[in-house]
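Report on the following structure.
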Amino acid sequence: MNPMDEFIAGIPKAELHLHIEGTLEPELMFEIAERNRISLPFKSVEAVREAYQFENLQSFLDIYYAGAKVLCYERDFFDLTWAYLKGVAQQNVRHVEIFFDPQTHTDRGIPFETVICGIHKALERGQKELGVSSKLILCFLRHLSDTSAMETLEAALPYRNWIVAVGLDSSEQNHPPHKFDAVFHRARAEGFLTVAHAGEEGPPDYIWQALDLLKVARIDHGVRCIEDSELTKRLVKNEIPLTVCPLSNVELRVFHSLAEHNLKQLLKLGLKVTINSDDPAYFGGYMTENIQETQKALNLSKTDIYTLMKNAFEGSFLNTTEKQKYLNELTQWMAHYSSQPTEKIASGCC
Ligand code: ADE
Ligand code: ZN
């Protein structure tokens with residue numbers, strides 16, 4: 001491995017934009033389908049991977065929701081989450097904030113409790129056995145009604161201690177944040193923090209709405225903010241983290257290639273950019289791959305990588321003490337690298 005790839009592989013990481021249903025690797029999809037006696041529209045693991053050619057967000061979501069249909073029992077949600085945690089622990093991901101989409105499952109008759117208990121038990125085990133800390137974020141599917149979102153919020157209330165925030169995902173175009181104003185108002189009143197996907201395919205106005213109406217603490221994606229200079233100023237001034245997902249953006253054709261991605265521009269503008277994997281089983285990479293490939297395509301420096309990781313720990317929903325613990329680990333990693341004779345990280349030369 002080259003020195004930069006090694007530096008990236010070992011750096012302490014936080015992932016803030018990860019859909020647990022998007023970590024369903026084809027091998028596990030087949031295993032779970034078999035034990036639940038569900039027939040898949042694919043002959044093999046290879047055929048599933050071949051089908052992963054997306055035109056846009058919607059063409060991905062169609063396949064993603066179809067894949068999630070194999071998940072029926074608590075054990076399935078546990079296995080899914082545990083497989084993700086074991087994998088990212090190997091990449092030195094120290095903290096994760098995970099989205100789950102209850103409506104994808106409750107609409108098929110799977111109880112809310114089944115979904116959340118499976119995920120929660122794996123997260124607890126992840127903390128105990130892998131030392132990976134985590135938070136859970138409930139996402140409403142924006143292509144469904146606000147009434148359905150409100151019912152989902154109510155179903156979540158008995159589990160409020162396990163859920164830190166609510167979010168908004170699924171088809172962005174024509175489903176503006178204001179559609180969920182009342183639900184987010186209620187969620188905040190119940191003590192949840194808020195985030196929302198905005199400015200992935202949708203216009204900058206959706207980011208304004210997420211900030212002003214939904215009062216979000218972070219914007220998921222947000223890459224289209226660059227089209228509105230007043231908006232970028234606001235995001236910089238309020239230090240709103242953007243959870244950017246480079247490989248996802250290329251797979252879903254938000255950018256034609258990683259070389260054309262605006263992540264470096266966003267960083268230069270002083271935005272609190274973070275790197276995340278979104279739906280790694282579908283987009284060809286987890287955290288390390290996202291960082292390594294973006295670094296190569298945009299020629300990011302070690303200082304840039306450090307800033308991206310620091311932004312993630314600082315922008316997480318951890319408390320101040322927990323954040324400091326991870327920021328110290330990050331500082332130690334940088335000190336370790338800068339003490340190597342061929343590496344100069346703090347001099348501004350790279
Ligand atoms: N659900 C899973 N991945 C998503 C994405 N990238 N955008 C919106 N909704 C999603
Ligand atoms: Zn997402």
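Letters A, B, ... go to the chains of the structure tokens in the order shown; residues in each chain start at 1; ligands are counted from 1 in the same order.
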Margin query: Around ligand 2, out to 12 Å and counting only C-alpha atoms and all ligand atoms, which residues are there? I want them as a PyMOL selection string.
Written below: chain A and resi 15-23+57+60-61+64+97-101+137+139-141+167-172+195-201+219-222+242-249+252+275-280+282-283
Notebook entry, point to check: Can you list every residue in region 68-222 of chain A that DSSP puts in helix (DSSP H, G or I), as a PyMOL selection string?
Noted result: chain A and resi 68-70+74-89+102-106+112-130+146-162+177-189+204-212
Next item on the list: Mind checking which residues fall within 10 Å of Tyr326 (chain A), counting only C-alpha atoms, ignoring those fewer than 5 positions away in the same chain, and posting them as a list of chain:residue names?
Entry: A:Pro12, A:Lys13, A:Ala14, A:Arg94, A:His95, A:Met309, A:Lys310, A:Phe313, A:Glu314, A:Thr321, A:Thr331, A:Gln332
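Taking only C-alpha atoms into account, Asn36 (chain A) lies nearest to A:Arg75 out of the set A:Lys128, A:Lys296, A:Arg75, A:Arg49.
Contact shell of Tyr159 (chain A) at 10 Å (only C-alpha atoms; same-chain neighbours under 6 positions omitted): A:Phe112, A:Glu113, A:Ile116, A:Cys117.
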Note to self: Considering only C-alpha atoms and all ligand atoms, can you say which of A:Ile291, A:Ala68, A:Leu211, A:Leu136 comes closest to ligand 1?
What the structure shows: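 Ranking A:Ile291, A:Ala68, A:Leu211, A:Leu136 by distance to ligand 1, first place goes to A:Ala68.
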Next item on the list: Just the residues within 10 Å of Gln90 (chain A), please, counting only C-alpha atoms, with nothing from its chain fewer than 3 positions along; format it as a PyMOL selection string.
Entry: chain A and resi 9-10+85-87+93-94+130+288
Next item on the list: Enter the distance from CA of Glu34 (chain A) to CA of Glu74 (chain A), in Å, rounded to one decimal.
Entry: 15.8 Å
Next item on the list: Would you work out the distance separating CA of Val166 (chain A) from CA of Val216 (chain A), expressed in Å to one decimal?
Entry: 9.4 Å
Next item on the list: Could you give me, as a list in words, each residue of region 32-150 of chain A that DSSP assigns to strand (DSSP E or B) when run on this structure's backbone?
Entry: Val93, Arg94, His95, Val96, Glu97, Ile98, Phe99, Phe100, Ser133, Ser134, Lys135, Leu136, Ile137, Leu138, Cys139, Phe140 and Leu141 of chain A
Just-selected residues, all heavy atoms written as a CSV table (one decimal), in the first residue's frame:
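Dumped everything to part_23.csv:
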```
chain,number,residue,atom,x,y,z
A,93,VAL,N,-13.0,2.8,11.8
A,93,VAL,CA,-14.1,3.7,12.0
A,93,VAL,C,-14.4,3.6,13.5
A,93,VAL,O,-14.7,2.5,14.0
A,93,VAL,CB,-15.3,3.3,11.2
A,93,VAL,CG1,-16.6,4.1,11.5
A,93,VAL,CG2,-15.0,3.5,9.7
A,94,ARG,N,-14.4,4.7,14.2
A,94,ARG,CA,-14.5,4.7,15.7
A,94,ARG,C,-15.9,5.1,16.1
A,94,ARG,O,-16.3,4.7,17.2
A,94,ARG,CB,-13.5,5.7,16.3
A,94,ARG,CG,-12.0,5.5,15.8
A,94,ARG,CD,-11.4,4.3,16.5
A,94,ARG,NE,-11.3,4.5,17.9
A,94,ARG,CZ,-11.9,3.8,18.8
A,94,ARG,NH1,-12.8,2.9,18.5
A,94,ARG,NH2,-11.7,4.1,20.1
A,95,HIS,N,-16.6,5.8,15.3
A,95,HIS,CA,-18.0,6.2,15.6
A,95,HIS,C,-18.9,6.2,14.4
A,95,HIS,O,-18.4,6.7,13.3
A,95,HIS,CB,-17.9,7.6,16.3
A,95,HIS,CG,-19.3,8.1,16.7
A,95,HIS,ND1,-20.1,7.6,17.7
A,95,HIS,CD2,-20.0,9.1,16.1
A,95,HIS,CE1,-21.2,8.2,17.7
A,95,HIS,NE2,-21.2,9.2,16.8
A,96,VAL,N,-20.1,5.7,14.5
A,96,VAL,CA,-21.0,5.7,13.4
A,96,VAL,C,-22.4,6.3,13.8
A,96,VAL,O,-22.8,6.1,14.9
A,96,VAL,CB,-21.2,4.3,12.8
A,96,VAL,CG1,-19.9,3.8,12.2
A,96,VAL,CG2,-21.8,3.3,13.8
A,97,GLU,N,-23.0,7.1,12.9
A,97,GLU,CA,-24.4,7.5,13.1
A,97,GLU,C,-25.2,7.0,11.9
A,97,GLU,O,-25.0,7.3,10.8
A,97,GLU,CB,-24.4,9.1,13.2
A,97,GLU,CG,-23.4,9.5,14.3
A,97,GLU,CD,-23.6,10.8,15.0
A,97,GLU,OE1,-24.3,11.7,14.5
A,97,GLU,OE2,-23.1,11.0,16.1
A,98,ILE,N,-26.1,6.0,12.3
A,98,ILE,CA,-26.7,5.1,11.3
A,98,ILE,C,-28.1,5.5,11.1
A,98,ILE,O,-28.9,5.7,12.0
A,98,ILE,CB,-26.6,3.7,11.9
A,98,ILE,CG1,-25.2,3.2,11.9
A,98,ILE,CG2,-27.5,2.7,11.1
A,98,ILE,CD1,-25.0,1.8,12.3
A,99,PHE,N,-28.5,5.7,9.8
A,99,PHE,CA,-29.9,5.9,9.4
A,99,PHE,C,-30.6,4.5,9.3
A,99,PHE,O,-30.0,3.5,8.8
A,99,PHE,CB,-30.0,6.5,8.0
A,99,PHE,CG,-29.4,7.9,7.9
A,99,PHE,CD1,-28.6,8.1,6.8
A,99,PHE,CD2,-29.8,8.9,8.7
A,99,PHE,CE1,-28.0,9.4,6.6
A,99,PHE,CE2,-29.2,10.2,8.5
A,99,PHE,CZ,-28.4,10.4,7.5
A,100,PHE,N,-31.9,4.5,9.7
A,100,PHE,CA,-32.7,3.3,9.3
A,100,PHE,C,-34.0,3.9,8.8
A,100,PHE,O,-34.5,5.0,9.2
A,100,PHE,CB,-32.8,2.3,10.5
A,100,PHE,CG,-33.7,2.7,11.6
A,100,PHE,CD1,-34.9,1.9,11.9
A,100,PHE,CD2,-33.5,3.8,12.4
A,100,PHE,CE1,-35.7,2.3,13.0
A,100,PHE,CE2,-34.3,4.2,13.5
A,100,PHE,CZ,-35.4,3.4,13.8
A,133,SER,N,-18.5,3.3,18.8
A,133,SER,CA,-19.6,3.9,19.4
A,133,SER,C,-20.6,4.3,18.3
A,133,SER,O,-20.2,4.3,17.1
A,133,SER,CB,-19.2,5.2,20.2
A,133,SER,OG,-18.5,6.1,19.3
A,134,SER,N,-21.9,4.5,18.7
A,134,SER,CA,-22.9,4.7,17.6
A,134,SER,C,-24.1,5.5,18.1
A,134,SER,O,-24.3,5.6,19.3
A,134,SER,CB,-23.4,3.3,17.1
A,134,SER,OG,-23.8,2.6,18.2
A,135,LYS,N,-24.8,6.1,17.1
A,135,LYS,CA,-26.1,6.7,17.4
A,135,LYS,C,-27.0,6.3,16.2
A,135,LYS,O,-26.5,5.9,15.1
A,135,LYS,CB,-25.9,8.3,17.3
A,135,LYS,CG,-24.9,8.9,18.2
A,135,LYS,CD,-25.5,9.1,19.6
A,135,LYS,CE,-24.5,9.7,20.5
A,135,LYS,NZ,-24.9,9.7,21.9
A,136,LEU,N,-28.3,6.3,16.5
A,136,LEU,CA,-29.3,5.8,15.5
A,136,LEU,C,-30.1,7.0,15.1
A,136,LEU,O,-30.6,7.8,16.0
A,136,LEU,CB,-30.1,4.7,16.2
A,136,LEU,CG,-30.9,3.8,15.3
A,136,LEU,CD1,-30.1,3.2,14.2
A,136,LEU,CD2,-31.5,2.7,16.2
A,137,ILE,N,-30.4,7.1,13.8
A,137,ILE,CA,-31.2,8.2,13.3
A,137,ILE,C,-32.3,7.6,12.5
A,137,ILE,O,-32.1,6.8,11.5
A,137,ILE,CB,-30.4,9.2,12.4
A,137,ILE,CG1,-29.2,9.7,13.1
A,137,ILE,CG2,-31.2,10.3,11.8
A,137,ILE,CD1,-28.2,10.6,12.3
A,138,LEU,N,-33.6,7.9,12.8
A,138,LEU,CA,-34.7,7.4,12.1
A,138,LEU,C,-35.0,8.3,10.9
A,138,LEU,O,-35.2,9.5,11.1
A,138,LEU,CB,-35.9,7.4,13.1
A,138,LEU,CG,-37.3,6.9,12.7
A,138,LEU,CD1,-38.2,6.6,13.9
A,138,LEU,CD2,-38.0,7.8,11.7
A,139,CYS,N,-35.1,7.7,9.7
A,139,CYS,CA,-35.4,8.6,8.6
A,139,CYS,C,-36.8,8.3,8.1
A,139,CYS,O,-37.3,7.2,8.0
A,139,CYS,CB,-34.4,8.2,7.4
A,139,CYS,SG,-32.9,9.2,7.4
A,140,PHE,N,-37.5,9.4,7.8
A,140,PHE,CA,-38.8,9.3,7.1
A,140,PHE,C,-38.6,9.3,5.6
A,140,PHE,O,-37.7,10.0,5.1
A,140,PHE,CB,-39.6,10.6,7.4
A,140,PHE,CG,-39.8,10.8,8.9
A,140,PHE,CD1,-39.3,11.9,9.5
A,140,PHE,CD2,-40.5,9.9,9.7
A,140,PHE,CE1,-39.5,12.1,10.9
A,140,PHE,CE2,-40.7,10.1,11.0
A,140,PHE,CZ,-40.2,11.2,11.6
A,141,LEU,N,-39.4,8.4,4.9
A,141,LEU,CA,-39.3,8.3,3.5
A,141,LEU,C,-40.1,9.5,2.9
A,141,LEU,O,-41.3,9.5,3.1
A,141,LEU,CB,-39.8,7.0,3.0
A,141,LEU,CG,-39.1,5.7,3.5
A,141,LEU,CD1,-39.7,4.5,2.9
A,141,LEU,CD2,-37.6,5.8,3.1
```
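Summary of the local environment: counting only C-alpha atoms, residues at most 10 Å from Asp205 (chain A), other than itself and those fewer than 2 positions away along its chain, are Pro176, Pro177, Ala198, Gly199, Gly202, Pro203, Ile207, Trp208, Gln209, Ala210, Leu211, Arg224, Cys225, Asp228 and Leu231 of chain A.
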Check: Asn299 (chain A): which residues within 12 Å, counting only C-alpha atoms, same-chain residues fewer than 2 positions away excluded, as a PyMOL selection string?
Finding: chain A and resi 4+258-261+263-264+291-297+301-305+350
Next item on the list: Give me, please, the distance in Å between CA of Leu269 (chain A) and CA of Asn238 (chain A), quoted to one decimal.
Entry: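 Computed distance, CA of Leu269 (chain A) to CA of Asn238 (chain A), equals 13.3 Å.
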